[in-house]
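Text of run09.csv, listed as CSV, C-alpha atoms:
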chain,number,residue,atom,x,y,z
R,1,MET,CA,18.2,8.2,29.3
R,2,PRO,CA,17.6,5.6,32.1
R,3,PRO,CA,17.4,1.9,31.2
R,4,ASP,CA,14.1,0.4,30.5
R,5,PRO,CA,14.2,-3.0,32.2
R,6,GLN,CA,11.4,-4.4,30.0
R,7,PRO,CA,11.7,-2.7,26.6
R,8,ARG,CA,10.2,-5.7,24.8
R,9,LEU,CA,6.9,-5.3,26.5
R,10,ALA,CA,5.6,-1.8,25.8
R,11,GLN,CA,7.7,-1.1,22.7
R,12,SER,CA,7.0,-4.4,21.0
R,13,SER,CA,3.3,-4.0,21.7
R,14,ALA,CA,3.3,-0.4,20.2
R,15,LEU,CA,5.0,-1.6,17.0
R,16,ARG,CA,2.6,-4.6,16.5
R,17,GLU,CA,-0.4,-2.3,17.1
R,18,ALA,CA,1.0,0.1,14.5
R,19,GLY,CA,1.4,-2.6,11.9
R,20,VAL,CA,5.1,-3.5,12.2
R,21,PRO,CA,5.1,-7.2,13.2
R,22,VAL,CA,8.4,-7.3,15.2
R,23,SER,CA,9.4,-8.0,18.8
R,24,ILE,CA,12.1,-6.2,20.8
R,25,ARG,CA,14.2,-8.4,23.1
R,26,PRO,CA,17.0,-7.4,25.5
R,27,LEU,CA,20.5,-8.7,24.7
R,28,PRO,CA,21.9,-10.6,27.7
R,29,GLY,CA,24.5,-9.0,29.9
R,30,ARG,CA,24.0,-5.5,28.5
R,31,ASP,CA,22.3,-2.3,29.7
R,32,ARG,CA,19.3,-1.8,27.5
R,33,TRP,CA,16.6,0.7,26.8
R,34,ALA,CA,14.4,1.4,23.9
R,35,ARG,CA,12.3,4.3,22.7
R,36,VAL,CA,9.9,4.0,19.8
R,37,ARG,CA,7.6,6.5,18.2
R,38,THR,CA,5.2,5.5,15.4
R,39,TRP,CA,3.0,7.4,13.0
R,40,ASN,CA,0.3,5.8,10.8
R,41,LEU,CA,0.7,7.5,7.5
R,42,GLY,CA,-2.4,6.0,6.0
R,43,CYS,CA,-2.6,3.6,3.1
R,44,GLY,CA,-1.0,0.9,5.2
R,45,ALA,CA,2.2,2.8,5.7
R,46,VAL,CA,3.8,3.2,9.1
R,47,LEU,CA,6.7,5.5,10.0
R,48,VAL,CA,8.9,4.5,13.0
R,49,ASP,CA,11.5,6.6,14.8
R,50,ALA,CA,13.4,4.4,17.2
R,51,ALA,CA,16.4,4.7,19.5
R,52,GLY,CA,18.0,2.2,21.9
R,53,THR,CA,20.9,0.0,23.0
R,54,GLY,CA,21.4,-3.6,24.0
R,55,VAL,CA,18.4,-4.9,22.1
R,56,SER,CA,17.5,-7.4,19.5
R,57,VAL,CA,14.7,-6.9,17.0
R,58,GLY,CA,13.2,-9.9,15.2
R,59,ARG,CA,10.1,-11.2,13.6
R,60,ASP,CA,7.1,-11.4,15.9
R,61,ARG,CA,5.8,-14.8,16.6
R,62,GLY,CA,2.6,-13.8,14.7
R,63,GLY,CA,4.7,-12.5,11.8
R,64,GLY,CA,4.8,-13.9,8.3
R,65,VAL,CA,2.9,-11.0,6.8
R,66,SER,CA,3.6,-9.6,3.3
R,67,ARG,CA,5.1,-6.3,4.5
R,68,LEU,CA,8.5,-4.7,3.9
R,69,THR,CA,10.4,-2.2,6.0
R,70,VAL,CA,13.1,0.1,4.7
R,71,ALA,CA,15.1,1.5,7.6
R,72,ALA,CA,17.9,4.1,7.9
R,73,VAL,CA,20.1,2.8,10.7
R,74,SER,CA,22.7,5.1,12.4
R,75,PRO,CA,26.3,4.0,12.3
R,76,GLY,CA,27.7,2.1,15.3
R,77,ASP,CA,27.9,-1.5,16.6
R,78,TRP,CA,25.0,-3.3,15.0
R,79,THR,CA,24.3,-6.2,12.7
R,80,PHE,CA,21.3,-7.2,10.6
R,81,THR,CA,20.8,-10.8,9.3
R,82,GLN,CA,18.2,-12.2,7.0
R,83,TYR,CA,18.3,-14.9,4.3
R,84,GLY,CA,21.7,-16.0,5.7
R,85,HIS,CA,23.2,-12.6,4.7
R,86,THR,CA,24.5,-10.2,7.4
R,87,VAL,CA,24.7,-6.4,6.9
R,88,THR,CA,27.0,-4.2,9.0
R,89,PRO,CA,27.6,-0.5,8.9
R,90,THR,CA,30.4,0.4,6.5
R,91,ARG,CA,30.3,4.2,6.6
R,92,SER,CA,30.0,7.1,9.0
R,93,GLU,CA,26.4,7.9,7.7
R,94,PRO,CA,23.2,5.9,8.2
R,95,THR,CA,22.9,2.7,6.3
R,96,LEU,CA,19.7,1.4,4.6
R,97,ILE,CA,18.5,-2.1,5.3
R,98,LEU,CA,15.4,-3.9,3.9
R,99,ILE,CA,13.4,-6.2,6.2
R,100,ASP,CA,11.1,-8.8,4.7
R,101,HIS,CA,8.4,-9.6,7.3
R,102,THR,CA,7.6,-12.9,5.7
R,103,ALA,CA,10.9,-14.4,6.7
R,104,PRO,CA,12.9,-14.7,10.0
R,105,HIS,CA,15.4,-11.8,10.6
R,106,ASP,CA,17.5,-10.5,13.5
R,107,PHE,CA,18.8,-7.0,14.2
R,108,ARG,CA,21.2,-6.5,17.1
R,109,ARG,CA,22.2,-3.1,18.5
R,110,ARG,CA,25.0,-3.2,21.0
R,111,ASP,CA,25.7,0.6,21.4
R,112,VAL,CA,23.3,3.6,21.5
R,113,GLY,CA,21.8,4.3,18.1
R,114,THR,CA,18.8,5.3,16.1
R,115,ALA,CA,16.7,4.0,13.2
R,116,VAL,CA,14.0,5.6,11.1
R,117,SER,CA,11.9,3.3,9.0
R,118,ILE,CA,8.9,3.1,6.8
R,119,THR,CA,6.8,-0.1,6.7
R,120,LEU,CA,4.3,-0.9,3.9
R,121,ASP,CA,2.7,-3.7,2.1
R,122,ARG,CA,4.9,-5.4,-0.5
R,123,THR,CA,2.2,-4.9,-3.3
R,124,VAL,CA,2.5,-1.1,-2.9
R,125,VAL,CA,6.1,-1.2,-4.3
R,126,ALA,CA,5.3,-3.7,-7.1
R,127,ILE,CA,8.0,-6.2,-6.2
R,128,GLN,CA,7.5,-10.0,-6.3
R,129,PRO,CA,8.3,-12.1,-3.2
R,130,ALA,CA,11.1,-14.0,-5.0
R,131,ASP,CA,12.8,-10.7,-5.8
R,132,VAL,CA,13.0,-9.4,-2.2
R,133,PRO,CA,16.2,-11.2,-1.2
R,134,GLU,CA,18.0,-9.9,-4.3
R,135,ALA,CA,16.8,-6.4,-3.7
R,136,ALA,CA,17.9,-6.5,-0.1
R,137,ARG,CA,21.5,-7.5,-1.1
R,138,HIS,CA,21.8,-4.7,-3.6
R,139,LEU,CA,20.0,-2.0,-1.7
R,140,ARG,CA,23.1,0.0,-1.2
R,141,ASP,CA,24.5,-0.2,-4.8
R,142,GLY,CA,23.2,3.2,-5.8
R,143,PRO,CA,24.8,5.7,-3.4
R,144,ALA,CA,22.9,8.8,-4.7
R,145,LEU,CA,19.4,7.2,-4.3
R,146,HIS,CA,20.5,5.5,-1.1
R,147,ASP,CA,21.5,8.8,0.5
R,148,LEU,CA,18.4,10.6,-0.8
R,149,ILE,CA,16.1,8.1,0.9
R,150,VAL,CA,18.1,8.2,4.1
R,151,ARG,CA,17.7,12.0,4.2
R,152,SER,CA,14.0,11.7,3.3
R,153,LEU,CA,13.3,9.2,6.1
R,154,VAL,CA,15.2,11.3,8.7
R,155,ASP,CA,13.5,14.5,7.6
R,156,LEU,CA,10.1,12.7,7.5
R,157,ALA,CA,10.5,11.7,11.2
R,158,ASP,CA,11.4,15.3,12.1
R,159,ILE,CA,8.3,16.6,10.3
R,160,ALA,CA,6.2,13.9,12.0
R,161,ALA,CA,7.4,15.1,15.4
R,162,HIS,CA,6.9,18.8,14.8
R,163,SER,CA,4.4,19.2,11.9
R,164,PRO,CA,2.4,15.9,11.7
R,165,SER,CA,-0.4,17.6,9.6
R,166,ALA,CA,2.0,17.7,6.7
R,167,LEU,CA,2.5,13.9,6.6
R,168,ALA,CA,-0.6,13.3,4.4
R,169,THR,CA,1.0,15.2,1.5
R,170,LEU,CA,4.4,13.5,1.9
R,171,VAL,CA,3.5,9.8,2.1
R,172,ASP,CA,3.0,9.2,-1.6
R,173,PRO,CA,6.3,10.8,-2.7
R,174,THR,CA,8.1,8.8,-0.1
R,175,VAL,CA,6.5,5.5,-1.3
R,176,ASP,CA,7.5,6.4,-4.8
R,177,LEU,CA,11.1,6.8,-3.7
R,178,VAL,CA,11.1,3.5,-1.9
R,179,ARG,CA,9.7,1.8,-5.0
R,180,ALA,CA,12.4,3.4,-7.2
R,181,LEU,CA,15.0,2.2,-4.7
R,182,LEU,CA,13.8,-1.4,-4.7
R,183,LEU,CA,13.4,-1.7,-8.4
R,184,GLY,CA,16.7,0.0,-9.0
R,185,SER,CA,18.4,-2.5,-6.7
R,186,LEU,CA,17.1,-5.3,-9.0
R,187,GLY,CA,18.7,-3.6,-12.0
R,188,ARG,CA,15.3,-2.5,-13.4
R,189,ARG,CA,14.4,0.9,-14.6
R,190,PRO,CA,11.4,1.9,-12.6
R,191,ASP,CA,8.7,2.4,-15.3
R,192,ASP,CA,5.9,4.9,-14.7
R,193,PRO,CA,4.2,3.3,-11.7
R,194,ARG,CA,1.0,5.2,-12.5
R,195,ALA,CA,0.3,3.1,-15.7
R,196,ASP,CA,0.5,-0.1,-13.8
R,197,LEU,CA,-1.6,1.3,-10.9
R,198,LEU,CA,-4.3,2.5,-13.4
R,199,ASP,CA,-4.5,-1.0,-14.8
R,200,ARG,CA,-4.9,-2.5,-11.4
R,201,ILE,CA,-7.5,0.1,-10.4
R,202,ARG,CA,-9.6,-0.6,-13.6
R,203,THR,CA,-9.4,-4.3,-12.9
R,204,TYR,CA,-10.5,-3.8,-9.3
R,205,ILE,CA,-13.4,-1.6,-10.3
R,206,ASP,CA,-14.7,-4.1,-12.8
R,207,ALA,CA,-14.6,-6.9,-10.2
R,208,HIS,CA,-16.6,-4.8,-7.6
R,209,LEU,CA,-19.1,-3.0,-9.8
R,210,GLY,CA,-22.0,-4.6,-7.9
R,211,GLU,CA,-21.0,-3.1,-4.6
R,212,PRO,CA,-23.0,0.1,-3.9
R,213,GLU,CA,-20.2,1.4,-1.6
R,214,LEU,CA,-17.6,1.3,-4.4
R,215,GLY,CA,-16.0,4.7,-4.6
R,216,PRO,CA,-12.7,6.6,-4.1
R,217,THR,CA,-12.3,5.7,-0.4
R,218,LYS,CA,-12.7,2.0,-1.0
R,219,VAL,CA,-10.6,1.9,-4.2
R,220,ALA,CA,-7.8,3.9,-2.5
R,221,ALA,CA,-7.8,1.6,0.6
R,222,ALA,CA,-7.7,-1.5,-1.6
R,223,HIS,CA,-4.5,-0.2,-3.3
R,224,HIS,CA,-2.9,1.2,-0.2
R,225,ILE,CA,-2.8,4.7,-1.5
R,226,SER,CA,-4.4,8.0,-0.3
R,227,VAL,CA,-7.6,9.3,-1.9
R,228,ARG,CA,-5.6,12.3,-2.9
R,229,HIS,CA,-3.1,10.2,-4.7
R,230,LEU,CA,-5.8,8.1,-6.3
R,231,HIS,CA,-7.4,11.3,-7.8
R,232,SER,CA,-4.0,12.5,-9.0
R,233,VAL,CA,-3.3,9.2,-10.8
R,234,TRP,CA,-6.8,9.0,-12.2
R,235,SER,CA,-6.7,12.5,-13.6
R,236,ALA,CA,-4.6,11.2,-16.5
R,237,THR,CA,-7.7,9.4,-17.9
R,238,GLY,CA,-9.5,12.6,-18.6
R,239,THR,CA,-12.6,11.7,-16.5
R,240,THR,CA,-13.4,11.4,-12.9
R,241,LEU,CA,-13.3,8.1,-11.0
R,242,GLY,CA,-17.0,8.4,-10.2
R,243,GLU,CA,-17.9,8.9,-13.8
R,244,HIS,CA,-15.9,5.9,-14.8
R,245,ILE,CA,-17.6,3.7,-12.2
R,246,SER,CA,-21.0,4.9,-13.2
R,247,ARG,CA,-20.4,4.3,-16.9
R,248,ARG,CA,-19.0,0.8,-16.3
R,249,ARG,CA,-22.0,0.0,-14.2
R,250,LEU,CA,-24.3,1.2,-16.9
R,251,ASP,CA,-22.5,-0.7,-19.7
R,252,GLU,CA,-22.7,-3.9,-17.7
R,253,ALA,CA,-26.4,-3.3,-16.9
R,254,ARG,CA,-27.1,-2.7,-20.6
R,255,ASP,CA,-25.4,-6.0,-21.5
R,256,THR,CA,-27.5,-7.8,-18.9
R,257,LEU,CA,-30.7,-6.3,-20.3
R,258,LEU,CA,-29.8,-7.2,-23.9
R,259,ASP,CA,-29.2,-10.9,-22.9
R,260,SER,CA,-32.5,-12.8,-23.3
R,261,ARG,CA,-31.4,-15.2,-20.6
R,262,ASN,CA,-32.0,-12.4,-18.1
R,263,ARG,CA,-35.5,-11.6,-19.1
R,264,HIS,CA,-36.8,-12.9,-15.8
R,265,LEU,CA,-34.9,-10.1,-13.9
R,266,THR,CA,-36.9,-7.0,-13.1
R,267,ILE,CA,-35.4,-3.6,-13.9
R,268,ALA,CA,-34.9,-3.0,-10.1
R,269,ALA,CA,-33.0,-6.4,-9.9
R,270,VAL,CA,-30.7,-5.4,-12.8
R,271,ALA,CA,-30.1,-2.0,-11.1
R,272,GLN,CA,-29.2,-3.7,-7.8
R,273,ARG,CA,-27.0,-6.3,-9.4
R,274,HIS,CA,-24.9,-3.5,-10.9
R,275,GLY,CA,-24.5,-1.3,-7.8
R,276,PHE,CA,-27.5,1.0,-8.2
R,277,VAL,CA,-29.5,1.2,-5.0
R,278,ASP,CA,-32.4,3.2,-6.4
R,279,ALA,CA,-34.1,1.9,-9.6
R,280,THR,CA,-35.5,5.3,-10.4
R,281,HIS,CA,-32.0,6.8,-10.3
R,282,PHE,CA,-30.7,4.0,-12.4
R,283,THR,CA,-33.4,4.5,-15.0
R,284,ARG,CA,-32.6,8.3,-15.2
R,285,ARG,CA,-28.9,7.7,-15.6
R,286,PHE,CA,-29.5,4.9,-18.1
R,287,ARG,CA,-31.7,7.2,-20.3
R,288,ASP,CA,-29.2,10.0,-20.1
R,289,ALA,CA,-26.4,7.7,-21.3
R,290,TYR,CA,-28.2,5.7,-24.0
R,291,GLY,CA,-31.2,7.9,-24.9
R,292,VAL,CA,-33.7,5.1,-24.0
R,293,THR,CA,-35.0,3.7,-20.8
R,294,PRO,CA,-33.9,0.3,-19.6
R,295,GLY,CA,-37.5,-1.1,-20.1
R,296,ARG,CA,-37.7,0.2,-23.6
R,297,LEU,CA,-34.3,-1.2,-24.5
R,298,ARG,CA,-35.3,-4.6,-23.3
R,299,ARG,CA,-38.7,-4.6,-25.1
R,300,ASP,CA,-37.1,-3.5,-28.4
R,301,ARG,CA,-34.5,-6.2,-28.0
R,302,LEU,CA,-37.1,-8.9,-27.3
R,303,ALA,CA,-39.2,-7.8,-30.2
R,304,ARG,CA,-36.3,-8.3,-32.6
R,305,ALA,CA,-35.4,-11.6,-31.2
R,306,PRO,CA,-36.1,-14.6,-33.5

Could you rewrite the structure in this file as structure tokens?
Amino acid sequence: MPPDPQPRLAQSSALREAGVPVSIRPLPGRDRWARVRTWNLGCGAVLVDAAGTGVSVGRDRGGGVSRLTVAAVSPGDWTFTQYGHTVTPTRSEPTLILIDHTAPHDFRRRDVGTAVSITLDRTVVAIQPADVPEAARHLRDGPALHDLIVRSLVDLADIAAHSPSALATLVDPTVDLVRALLLGSLGRRPDDPRADLLDRIRTYIDAHLGEPELGPTKVAAAHHISVRHLHSVWSATGTTLGEHISRRRLDEARDTLLDSRNRHLTIAAVAQRHGFVDATHFTRRFRDAYGVTPGRLRRDRLARAP
């Protein structure tokens, strides 16, 4: 492949636009070229398939974002340094590295090689900022999981190149593997991530009940997961997400109506406060849930008040 005299321009821009905040710079005195392909997997995850030589990759000047990259780097003449710790290839197979985009880092490739990586928000893998350096140092301690993720990333890039329509169904299992890798590197047994995710989803819903647009698309985006994965996780509750949101809104509206301090609010105002755009629809749903209209409930409550 012919050298690219300015790999840092087009390739760095492509990575930044894809959500990977790094810059590619040429190493002095070396032939260099770089080729980068990116795929937005959704939910904030980005897959990158890169090849090159004579380049240095480091944090972009606008970096400092709470994102992590796990990369499978082919063997050869390269080094990766972060937190004062340097990783070099120690085997004839690809080696995994963990890049924390909140901190300075430097990757240098002096021979021709490749790297396949996935970049995602740190919150998705449930790891605290203070734990990231420790996870990076022990990323390669479990050979079986290490090699499984290497193969998964390489295969994912091949699928992206030839059957991109299949990526939507593969992103969630890949993220689960990355989560298991990082927690395992900390010596922790990965608990069922769905239980923690369900708790976070419930908390999020309660905090946003007044927003009429609250629904699967918004909830999934807020937690960096696909709508498909959201429904899969939520299925364990025995109800639909829409039913849960509606019931929580109705419960909160009922509490508002029963509070005499809110007697100045109209039924329409109560409905709007709790995410119902149409007061008539709110009244019908309320009667179906509690067997009484909102107005009747309020009148009965005020009549019993001392």

With distances taken over all atoms listed in the file, the candidate from R:Pro173, R:Gly44, R:Gly58, R:Gly187 nearest Ala220 of chain R is R:Gly44

Given all atoms listed in the file as the basis, pick out the residue of R:Thr293, R:Thr203, R:Ser74, R:Thr102 nearest to Thr114 of chain R.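 Closest to Thr114 of chain R, using all atoms listed in the file: R:Ser74.
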
Quiz item: Between R:Leu120, R:Ala71, R:Val22, R:Val87, which one has atoms that come closest to Asn40 of chain R, using only C-alpha atoms?
Solution: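 Closest to Asn40 of chain R, using only C-alpha atoms: R:Leu120.
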
*asked:* What's the separation between atom CA of Val112 of chain R and atom CA of Thr53 of chain R, in Å to one decimal place?
replied: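 Going from atom CA of Val112 of chain R over to atom CA of Thr53 of chain R, I get 4.6 Å.
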
Judged by all atoms listed in the file, the minimum distance to Arg151 of chain R among R:Ala168, R:Val55, R:Leu96, R:Val46 is found for R:Leu96

Extract, using all atoms listed in the file, all DNA, RNA and protein residues at most 12 Å from Ser246 of chain R, discarding same-chain residues fewer than 6 positions from it, and format them as an mmCIF file with C-alpha atoms, in the frame of the given file.
data_model
loop_
_atom_site.group_PDB
_atom_site.id
_atom_site.type_symbol
_atom_site.label_atom_id
_atom_site.label_comp_id
_atom_site.auth_asym_id
_atom_site.auth_seq_id
_atom_site.Cartn_x
_atom_site.Cartn_y
_atom_site.Cartn_z
ATOM 1 C CA ILE R 205 -13.400 -1.600 -10.300
ATOM 2 C CA ASP R 206 -14.700 -4.100 -12.800
ATOM 3 C CA LEU R 209 -19.100 -3.000 -9.800
ATOM 4 C CA GLY R 210 -22.000 -4.600 -7.900
ATOM 5 C CA GLU R 211 -21.000 -3.100 -4.600
ATOM 6 C CA PRO R 212 -23.000 0.100 -3.900
ATOM 7 C CA LEU R 214 -17.600 1.300 -4.400
ATOM 8 C CA GLY R 215 -16.000 4.700 -4.600
ATOM 9 C CA THR R 239 -12.600 11.700 -16.500
ATOM 10 C CA THR R 240 -13.400 11.400 -12.900
ATOM 11 C CA GLU R 252 -22.700 -3.900 -17.700
ATOM 12 C CA ALA R 253 -26.400 -3.300 -16.900
ATOM 13 C CA ALA R 271 -30.100 -2.000 -11.100
ATOM 14 C CA HIS R 274 -24.900 -3.500 -10.900
ATOM 15 C CA GLY R 275 -24.500 -1.300 -7.800
ATOM 16 C CA PHE R 276 -27.500 1.000 -8.200
ATOM 17 C CA HIS R 281 -32.000 6.800 -10.300
ATOM 18 C CA PHE R 282 -30.700 4.000 -12.400
ATOM 19 C CA ARG R 285 -28.900 7.700 -15.600
ATOM 20 C CA PHE R 286 -29.500 4.900 -18.100
ATOM 21 C CA ASP R 288 -29.200 10.000 -20.100
ATOM 22 C CA ALA R 289 -26.400 7.700 -21.300
#

Checklist entry - Which is closest to Val150 of chain R among R:Thr174, R:Thr81, R:Thr38, R:Ser260, if we use only C-alpha atoms? => result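 Under the stated criterion, the closest residue is R:Thr174.
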
What separates atom CA of Ile118 of chain R and atom CA of Leu47 of chain R is a distance of 4.6 Å

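Take atom CA of Trp78 of chain R and atom CA of Asp111 of chain R: the distance between them is 7.5 Å.
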
Q) Near Val57 of chain R, counting all atoms listed in the file, which residues have an atom at most 8 Å away, once you skip same-chain residues fewer than 5 positions from it, shown as a list in words? A)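 Final neighbour list, sorted by chain and number: Val22, Ser23, Ile24, Arg25, Asp106, Phe107 and Arg108 of chain R.
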
Practice prompt. List the neighbours of segment 158-161 of chain R out to 10 Å using all atoms listed in the file; skip same-chain residues closer than 4 positions along the sequence, and give me the result as a ChimeraX atom specification.
Written response: /R:37-39,41,47-49,152-154,165-167,170

Limited to C-alpha atoms, could you put the picked residues into a file as a compact mmCIF listing (two decimals), in the coordinates of the input?
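Writing the result to result_12.txt gives the following:
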# COMPACT_ATOMS: atom_id res chain seq x y z
CA ARG R 37 7.60 6.50 18.20
CA THR R 38 5.20 5.50 15.40
CA TRP R 39 3.00 7.40 13.00
CA LEU R 41 0.70 7.50 7.50
CA LEU R 47 6.70 5.50 10.00
CA VAL R 48 8.90 4.50 13.00
CA ASP R 49 11.50 6.60 14.80
CA SER R 152 14.00 11.70 3.30
CA LEU R 153 13.30 9.20 6.10
CA VAL R 154 15.20 11.30 8.70
CA SER R 165 -0.40 17.60 9.60
CA ALA R 166 2.00 17.70 6.70
CA LEU R 167 2.50 13.90 6.60
CA LEU R 170 4.40 13.50 1.90

- Message: So that I can check the surroundings of Val178 of chain R, please list as a PyMOL selection string every protein, DNA and RNA residue that reaches within 8 Å of it, counting all atoms listed in the file and ignoring chain neighbours fewer than 3 positions away.
- Response: chain R and resi 70+125+149+174-175+181-182

Counting only C-alpha atoms, the residue among R:Leu68, R:Asp172, R:Ala222, R:Leu258 that lies closest to Arg304 of chain R is R:Leu258
